[in-house]
Each structure stands twice: as C-alpha cells, then as structure tokens.
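Chemist: This is my_file_1.txt (compact mmCIF, C-alpha atoms).
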# COMPACT_ATOMS: atom_id res chain seq x y z
CA MET W 282 198.70 91.32 82.47
CA GLN W 283 197.40 89.39 79.47
CA ALA W 284 199.04 86.09 80.43
CA GLU W 285 196.69 83.24 81.28
CA LEU W 286 197.12 81.24 84.47
CA ASP W 287 197.94 77.60 83.84
CA LEU W 288 198.21 75.37 86.93
CA ASN W 289 200.47 72.85 85.26
CA ALA W 290 202.73 75.41 83.63
CA HIS W 291 203.16 77.74 86.60
CA PHE W 292 203.35 75.18 89.43
CA SER W 293 205.28 71.95 89.69
CA ARG W 294 203.28 68.72 89.34
CA GLU W 295 204.34 67.75 92.83
CA PHE W 296 203.04 71.04 94.28
CA VAL W 297 199.64 70.66 92.58
CA ARG W 298 199.36 67.06 93.81
CA ARG W 299 200.51 67.77 97.36
CA TRP W 300 197.92 70.52 97.90
CA GLU W 301 195.26 68.86 95.72
CA LEU W 302 194.86 72.11 93.84
CA PHE W 303 192.01 72.45 91.40
CA GLU W 304 191.02 75.37 89.23
CA ILE W 305 187.80 77.25 88.62
CA SER W 306 187.08 80.36 86.58
CA THR W 307 185.00 83.43 87.28
CA GLU W 308 182.31 84.53 84.82
CA ALA W 309 184.93 86.45 82.82
CA SER W 310 185.61 84.09 79.93
CA SER W 311 188.90 85.59 78.69
CA LYS W 312 191.63 87.85 80.02
CA SER W 313 190.47 90.75 77.86
CA GLU W 314 186.88 90.38 79.05
CA TYR W 315 188.25 90.23 82.59
CA LEU W 316 190.08 93.54 82.09
CA LEU W 317 187.03 95.25 80.58
CA ARG W 318 184.39 93.85 82.95
CA PRO W 319 185.55 93.96 86.57
CA ASP W 320 182.08 92.84 87.69
CA LEU W 321 182.47 89.45 85.94
CA GLY W 322 185.76 88.86 87.75
CA ARG W 323 183.84 89.04 91.02
CA SER W 324 181.18 86.46 90.23
CA LEU W 325 181.04 82.69 89.85
CA GLY W 326 178.82 80.72 87.48
CA GLU W 327 176.93 77.53 88.34
CA VAL W 328 179.75 75.17 87.27
CA ALA W 329 182.36 76.96 89.37
CA ARG W 330 180.04 77.19 92.37
CA SER W 331 179.22 73.51 92.37
CA ALA W 332 182.90 72.57 91.91
CA VAL W 333 183.79 74.55 95.01
CA LYS W 334 180.86 73.18 97.00
CA THR W 335 181.52 69.54 96.16
CA GLN W 336 185.30 69.60 96.53
CA CYS W 337 185.87 71.81 99.59
CA PRO W 338 184.85 71.13 103.18
CA GLN W 339 182.37 73.55 104.77
CA GLY W 340 183.20 75.95 107.58
CA PRO W 341 186.99 75.73 108.00
CA ASP W 342 188.77 78.27 110.18
CA VAL W 343 190.84 79.38 107.19
CA GLN W 344 190.04 79.07 103.48
CA ILE W 345 193.00 79.92 101.25
CA VAL W 346 192.28 80.91 97.65
CA VAL W 347 194.80 81.71 94.91
CA GLY W 348 193.77 84.18 92.20
CA ASP W 349 195.65 85.30 89.09
CA GLY W 350 194.55 88.94 89.41
CA LEU W 351 196.63 91.30 87.28
CA SER W 352 199.87 89.28 87.45
CA VAL W 353 200.20 85.56 86.76
CA CYS W 354 203.94 86.14 87.14
CA ALA W 355 203.48 87.08 90.82
CA VAL W 356 201.44 83.94 91.50
CA ALA W 357 204.06 81.78 89.79
CA ALA W 358 206.90 83.43 91.73
CA GLN W 359 205.49 83.50 95.28
CA VAL W 360 202.69 80.98 95.84
CA GLN W 361 204.72 77.76 95.86
CA THR W 362 206.69 79.07 98.85
CA LEU W 363 203.94 81.00 100.58
CA LEU W 364 201.08 78.48 100.49
CA PRO W 365 202.94 75.70 102.40
CA LEU W 366 204.07 78.21 105.07
CA LEU W 367 200.46 79.33 105.57
CA CYS W 368 198.96 75.82 105.62
CA ASP W 369 201.61 74.42 107.97
CA GLY W 370 201.49 77.53 110.17
CA GLY W 371 197.70 77.29 110.39
CA ARG W 372 197.82 73.63 111.43
CA GLU W 373 200.43 74.43 114.09
CA ARG W 374 197.93 76.88 115.51
CA ASN W 375 195.26 74.15 115.50
CA TRP W 376 193.09 75.85 112.91
CA THR W 377 191.08 73.75 110.46
CA MET W 378 192.35 74.55 106.99
CA GLY W 379 190.05 74.39 103.96
CA ARG W 380 191.14 72.82 100.68
CA PRO W 381 192.92 75.56 98.72
CA PHE W 382 191.95 76.18 95.11
CA VAL W 383 192.83 78.47 92.23
CA VAL W 384 190.54 81.05 90.60
CA ARG W 385 191.22 82.17 87.06
CA HIS W 386 190.24 85.75 86.03
CA CYS W 387 189.92 86.61 89.69
CA ARG W 388 189.12 89.91 91.40
CA VAL W 389 189.23 90.57 95.14
CA GLY W 390 185.43 90.73 95.46
CA ILE W 391 185.28 86.97 94.82
CA MET W 392 186.02 86.52 98.52
CA ASN W 393 182.41 87.44 99.29
CA HIS W 394 181.05 84.57 97.18
CA ILE W 395 183.52 82.09 98.62
CA GLY W 396 182.43 83.19 102.08
CA ALA W 397 178.79 82.58 101.15
CA LEU W 398 179.54 79.16 99.56
CA LEU W 399 181.78 77.64 102.23
CA ALA W 400 181.08 79.68 105.38
CA PRO W 401 184.72 79.77 106.52
CA SER W 402 185.71 81.89 109.54
CA THR W 403 188.34 83.62 107.44
CA VAL W 404 189.30 83.80 103.77
CA VAL W 405 192.87 84.51 102.62
CA LEU W 406 193.10 85.43 98.93
CA LEU W 407 196.59 85.40 97.39
CA ILE W 408 196.35 87.48 94.22
CA GLY W 409 198.78 89.01 91.70
CA GLU W 410 199.19 92.78 91.88
CA ARG W 411 199.07 95.21 88.99
CA PRO W 412 202.63 95.26 87.61
CA GLY W 413 204.45 98.50 86.90
CA LEU W 414 205.85 99.68 90.21
CA ALA W 415 208.98 97.90 91.38
CA THR W 416 208.28 94.50 89.81
CA ALA W 417 205.73 92.19 88.18
CA GLU W 418 206.35 89.55 90.87
CA SER W 419 204.46 91.34 93.62
CA LEU W 420 201.66 89.43 95.33
CA SER W 421 198.96 90.64 97.72
CA ALA W 422 197.17 88.73 100.45
CA TYR W 423 193.64 90.00 101.10
CA LEU W 424 192.08 88.76 104.33
CA ALA W 425 188.50 88.89 105.55
CA TYR W 426 186.58 87.59 108.54
CA SER W 427 183.42 85.78 107.50
CA PRO W 428 183.08 87.53 104.13
CA ARG W 429 179.57 87.81 102.66
CA PRO W 430 178.01 89.48 99.59
CA GLY W 431 177.94 93.24 100.12
CA HIS W 432 181.24 93.39 101.98
CA THR W 433 183.77 95.93 100.66
CA ASP W 434 187.47 96.74 101.01
CA ALA W 435 186.59 98.39 104.32
CA ASP W 436 185.84 94.87 105.65
CA ARG W 437 189.19 93.46 104.47
CA ASN W 438 192.83 93.63 105.56
CA LEU W 439 195.80 93.52 103.26
CA VAL W 440 199.42 92.44 103.21
CA SER W 441 200.78 93.85 99.96
CA ASN W 442 204.11 94.00 98.13
CA ILE W 443 205.00 90.36 98.78
CA HIS W 444 208.18 89.82 96.77
CA ALA W 445 211.93 89.56 97.28
CA ARG W 446 212.57 93.32 97.44
CA GLY W 447 209.34 94.16 99.24
CA VAL W 448 207.92 92.01 102.04
CA PRO W 449 209.80 88.68 101.79
CA VAL W 450 207.62 85.55 101.70
CA ALA W 451 208.62 84.29 105.18
CA LYS W 452 207.79 87.61 106.80
CA ALA W 453 204.55 87.84 104.82
CA ALA W 454 203.51 84.38 106.06
CA THR W 455 204.05 85.42 109.68
CA ARG W 456 202.09 88.63 109.20
CA ILE W 457 199.21 86.85 107.43
CA LEU W 458 198.99 84.16 110.13
CA ASN W 459 199.07 86.81 112.88
CA LEU W 460 196.31 88.76 111.13
CA VAL W 461 194.16 85.61 110.78
CA GLY W 462 194.74 85.00 114.48
CA GLN W 463 193.63 88.54 115.33
CA MET W 464 190.51 88.10 113.15
CA ILE W 465 189.51 84.83 114.82
CA GLU W 466 190.14 86.34 118.25
CA GLU W 467 188.37 89.65 117.65
CA ARG W 468 185.72 88.19 115.31
CA THR W 469 186.05 91.08 112.86
CA SER W 470 188.22 92.38 110.04
CA GLY W 471 188.78 95.53 107.99
CA THR W 472 189.06 99.00 109.40
CA HIS W 473 187.98 97.78 112.85
CA LEU W 474 191.06 95.61 113.09
CA LYS W 475 194.56 97.10 113.08
CA GLU W 476 197.49 94.87 112.28
CA ARG W 477 199.83 94.64 115.27
CA LEU W 478 203.47 94.65 114.23
CA ASN W 479 205.37 93.48 117.28
CA ASN W 480 209.01 93.67 116.25
CA GLN W 481 211.43 95.96 114.43
CA GLU W 482 209.07 95.82 111.41
CA ALA W 483 208.18 99.50 111.65
CA MET C 279 172.73 113.72 87.87
CA GLY C 280 172.53 111.99 91.24
CA ASP C 281 176.26 111.49 91.69
CA HIS C 282 177.93 114.72 90.65
CA ALA C 283 181.21 114.08 92.50
CA GLY C 284 181.39 110.56 91.09
CA ASN C 285 180.84 111.84 87.54
CA CYS C 286 183.57 114.46 87.97
CA ALA C 287 185.96 111.81 89.28
CA ALA C 288 185.20 109.54 86.33
CA VAL C 289 185.72 112.34 83.79
CA ALA C 290 188.98 113.43 85.46
CA LYS C 291 190.25 109.84 85.13
CA LEU C 292 189.75 110.01 81.37
CA MET C 293 191.36 113.44 80.91
CA SER C 294 194.88 113.96 79.56
CA ASN C 295 197.40 116.22 81.31
CA ARG C 296 196.51 119.08 78.95
CA ASP C 297 192.79 118.58 79.60
CA LEU C 298 193.46 118.73 83.32
CA VAL C 299 195.59 121.87 83.06
CA LEU C 300 192.96 123.61 80.94
CA ALA C 301 190.06 122.69 83.22
CA ALA C 302 191.97 123.50 86.40
CA SER C 303 193.08 126.91 85.05
CA ARG C 304 189.43 128.04 85.17
CA MET C 305 189.29 127.38 88.90
CA ARG C 306 191.35 129.51 91.26
CA ASN C 307 191.81 127.97 94.70
CA VAL C 308 194.71 129.51 96.61
CA THR C 309 195.65 127.77 99.86
CA ARG C 310 198.36 128.53 102.39
CA CYS C 311 200.10 126.24 104.85
CA ARG C 312 203.90 126.47 105.13
CA ASN C 313 203.88 127.81 101.58
CA THR C 314 201.30 129.06 99.10
CA MET C 315 199.71 126.84 96.48
CA GLY C 316 197.38 127.44 93.57
CA GLU C 317 198.41 130.89 92.32
CA GLN C 318 198.18 131.80 88.65
CA GLY C 319 201.09 130.40 86.65
CA VAL C 320 202.66 128.56 89.57
CA LEU C 321 203.29 124.83 89.30
CA GLY C 322 203.17 122.80 92.51
CA ILE C 323 204.37 119.22 92.64
CA ARG C 324 203.71 116.40 95.09
CA LEU C 325 206.54 114.03 95.87
CA GLN C 326 205.34 110.48 96.38
CA PRO C 327 208.35 108.58 97.80
CA ASN C 328 206.58 105.26 98.36
CA HIS C 329 208.61 102.19 99.28
CA PRO C 330 207.46 98.56 98.86
CA ALA C 331 208.63 97.66 102.37
CA ASP C 332 208.10 101.11 103.98
CA ASP C 333 211.86 101.29 104.56
CA LEU C 334 212.62 104.69 106.11
CA ALA C 335 216.08 105.05 104.56
CA GLY C 336 214.58 104.25 101.15
CA ILE C 337 211.75 106.73 101.63
CA LEU C 338 214.09 109.51 102.77
CA LEU C 339 216.54 108.87 99.92
CA SER C 340 213.87 109.15 97.25
CA THR C 341 212.46 112.21 99.04
CA ILE C 342 215.85 113.92 98.83
CA GLU C 343 216.25 112.92 95.20
CA GLY C 344 212.85 114.44 94.38
CA LEU C 345 213.64 117.62 96.32
CA LEU C 346 216.85 118.00 94.31
CA TYR C 347 214.67 118.12 91.20
CA GLY C 348 212.72 120.94 92.80
CA CYS C 349 209.67 118.76 93.46
CA GLY C 350 207.74 118.33 96.68
CA ASP C 351 206.59 121.91 97.29
CA ALA C 352 202.93 120.87 97.21
CA VAL C 353 203.34 118.04 99.67
CA ILE C 354 205.59 115.09 100.43
CA GLY C 355 202.95 112.36 100.52
CA VAL C 356 203.69 108.69 101.10
CA ASN C 357 201.24 105.89 100.33
CA PRO C 358 202.36 103.31 102.88
CA ALA C 359 202.60 99.66 101.83
CA THR C 360 201.36 98.59 105.25
CA ASP C 361 198.44 100.25 107.00
CA SER C 362 199.50 100.03 110.63
CA VAL C 363 199.92 102.64 113.36
CA GLU C 364 203.62 101.76 113.82
CA VAL C 365 204.46 102.15 110.13
CA VAL C 366 202.44 105.32 109.63
CA SER C 367 203.83 107.09 112.68
CA SER C 368 207.42 106.15 111.82
CA ILE C 369 207.00 107.56 108.30
CA LEU C 370 205.37 110.78 109.56
CA HIS C 371 208.09 111.29 112.16
CA ALA C 372 210.89 110.65 109.65
CA LEU C 373 209.45 113.13 107.11
CA ASN C 374 208.95 115.68 109.85
CA ARG C 375 212.58 115.33 110.99
CA LEU C 376 213.72 115.89 107.40
CA ILE C 377 211.50 118.97 106.95
CA GLU C 378 212.64 120.42 110.29
CA ALA C 379 216.35 119.67 109.75
CA TYR C 380 216.49 121.40 106.38
CA GLN C 381 213.77 123.97 107.08
CA ILE C 382 211.95 122.89 103.90
CA PRO C 383 208.90 125.05 103.11
CA THR C 384 206.51 122.18 102.50
CA GLN C 385 204.19 119.78 104.33
CA SER C 386 203.93 116.01 104.57
CA CYS C 387 201.29 113.35 104.85
CA CYS C 388 201.01 109.57 105.00
CA LEU C 389 197.87 108.27 103.35
CA ALA C 390 196.86 105.45 105.64
CA HIS C 391 193.18 104.78 106.36
CA ILE C 392 191.75 107.64 108.40
CA THR C 393 191.05 105.33 111.36
CA THR C 394 194.74 104.34 111.44
CA GLN C 395 195.82 107.98 111.33
CA LEU C 396 193.47 108.86 114.18
CA GLN C 397 194.96 106.15 116.40
Could I get this file's structure written as structure tokens?

Modeler:
Amino acid sequence: MQAELDLNAHFSREFVRRWELFEISTEASSKSEYLLRPDLGRSLGEVARSAVKTQCPQGPDVQIVVGDGLSVCAVAAQVQTLLPLLCDGGRERNWTMGRPFVVRHCRVGIMNHIGALLAPSTVVLLIGERPGLATAESLSAYLAYSPRPGHTDADRNLVSNIHARGVPVAKAATRILNLVGQMIEERTSGTHLKERLNNQEA
Amino acid sequence: MGDHAGNCAAVAKLMSNRDLVLAASRMRNVTRCRNTMGEQGVLGIRLQPNHPADDLAGILLSTIEGLLYGCGDAVIGVNPATDSVEVVSSILHALNRLIEAYQIPTQSCCLAHITTQLQ
C-alpha cells in the first residue's frame, strides 16, 4: 500500500508512448498523507487541473483514468492489458475516446472533478484495490455517467476483482464496455442502472 | 450530537474485540428466525463465503468448510463481487438449496444493493 506509482517503472516505455500517458497528482503530497487524509485524494490542485485541461480534449464519450489507489501492484499487473482492450473496443463502437492519464494518490471521488473539468459522457477509473483478500493484483473499474461534484457511490457502477483468479482482464473489458454502452444509451449510472450479464456469467 | 448513529459506528470501528464483547454484553437483543440468536453466553457466527468471481462451486465449498468448523449459525452471508440480478439470485438459490438439502438451522443473505435485491 505504501509503494509509489512510477509510470516509467511500472509500464513499458512503449506503452507510455503509445497511449501518450502523462501523470498528475492529487492534493495528497505523499502516500502516508494520502492514507491519512482521504479528502485530499479526491481533490486536484491548480497545476493538476490545468495539466488535464490543456492536454485532454473536452467532451469525449469515454474518458479513461488510471489511479494508483491502494495497490500500485494491481495497476502494474492489469492496466497494460486492459487499457488497449478498452480503447480499441471503444473505437470499434464509434465512441470518441479521451486521452487517458494517470493520477497518483488517487481516490474514487476524483471522478467528479474529472467530470467537471472535461465534461465527458462517461468516466472509467481503473484503480488498485485494497490488498489482503485473495491477492494484491486486484483492480477495480469504477464507471460513472457524466460525473459532477456531489456525486456519490450511488451514482457509480463497479467491476471489481479484476485479476487472473477473479474476473480475467478480457472478460472485464467486455463487461466495462457493455456498461459504458448501457450508460450512454440510458443516460444514467449508479443504482438506476443494472449491469446486464447476457451469458453464462452468472 | 447531531449524528448519534454515525458516532456509534465510528466508535465501534475503533473498538477491539474485547471492547465489542463488553459493550454488547450490556445489551440483550434476542431474535428468532430458523434458530435463536443473542441469548446470554451464546456465541453466534456469520459465515462470509465470498468469492472473487462469484463462482458458485467456490462459494458452496467455503460454506461447507465453515459449517464444519461450527460457524454460520448466525447467517451465511455473501458479499457478491458483482452487483447484478443474475449473480445475486444464483447465489441466493444455491445457498437455499444447501440449507434445504442438509436441513441446516440457519439463514442466508446476499448483500447486493437493495435495489438489485428488490428486482
């Protein structure tokens, strides 16, 4: 949980270049401050806000964000496979995809600020889960339709347990893309929207 | 003062097991469903056979393992990994089949969002 996210250490150079990844930090200035002050992990300072605003296009259908959360290990293990599946899958569905970026010391509530900054139709946040259950490599995808300050978990949907012995990456990608599709179609997210599992999943 | 329930929840989070036992022993709250819970000197245990992929065989296996330790009399309660009607109903039906087949004096639940459970 104490490990710091490092783009160049956790992702290959080619991956960072291909997806033009850049990194910002929340207002939590260290991992220990992040653990003690959850509120700081949900807010962005002026530098981070302007970096996002100048480098990302406004109003995409899907804005993907990668956050360290409570497990850098999960991000390192899953994101290099998952992110391309989501970006390619989104383009196949003719959605406009925002420029993905990485948030250090990130909590789920950051989605609200990203929604306010970039006005995307949907935000997908890939974030490391608290280790200690089956594995430290488990990633979550939080999804929200048009997130704005004041929104809560009740306005979000979740695909959790993304790892080899939980929900495998390929299946997670399909579920995330289907959920984004449902959100765009029904123009809502959270408890109003129930994920439809249309195969032997259950 | 304004948020009594919230304060209690926060204090309970900070309490050790012994603190919790001591505080709870002052409150008697006997409830009956398929068995009786909350009587003086009686320990009740919840089984929580969660599975990262909501795999029914995995859930049932860890349920049986827990029952063999004598746990699960309070409730067999699963926190599903996926909050969907299909997953929740399959878990509830599987636990119910197990309880019926072995005539286990306990009850089950699957803690999905209340709106999912209603559907």

Chemist: Skipping near chain neighbours, those fewer than 5 positions away, what residues fall within 8 Å of Asp349 of chain W using only C-alpha atoms, listed as a list in words?

Modeler: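 My list of contacting residues is Leu286, Val356, Val384, Arg385, His386, Cys387, Ile408 and Gly409 of chain W.
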
Chemist: Can you tell me which residues surround Val440 of chain W at a distance of at most 12 Å, considering all atoms listed in the file, apart from same-chain residues fewer than 3 positions away, and format the answer as a PyMOL selection string?

Modeler: (chain W and resi 405-408+410+419-425+437+443-444+447-450+452-461+475-476+478) or (chain C and resi 330-331+358-362)

Chemist: Give as a PyMOL selection string every residue, naming chains and numbers as the document does, that has an atom within 7 Å of (196.7, 95.9, 86.5), counting all atoms listed in the file.

Modeler: chain W and resi 282+351+410-412

Chemist: What gap, in Å, lies between atom CA of Val353 of chain W and atom CA of Gly379 of chain W?

Modeler: 22.9 Å

Chemist: Listed atoms of segment 442-449 of chain W, axis-aligned box, 6 Å per side: centre and edge lengths to one decimal in Å, as lines of an AutoDock Vina configuration file?

Modeler:
center_x = 208.3
center_y = 91.4
center_z = 99.4
size_x = 20.5
size_y = 17.5
size_z = 17.3

Chemist: Can you work out which residues from chain C touch chain W at a cut-off of 10 Å (counting all atoms listed in the file) and hand them back as a list in words?

Modeler: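 Every residue meeting the condition is included here: Asn328, His329, Pro330, Ala331, Asp332, Asp333, Leu334, Ala359, Thr360, Asp361, Ser362, Val363, Glu364, Val365, Val366, Ser367, Ser368, Ile369, His391, Ile392, Thr393, Thr394 and Gln397 of chain C.
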
Chemist: What does the distance between atom CA of Thr362 of chain W and atom CA of Phe296 of chain W come to in Å, to one decimal place?

Modeler: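 Between these atoms lies a distance of 9.9 Å.
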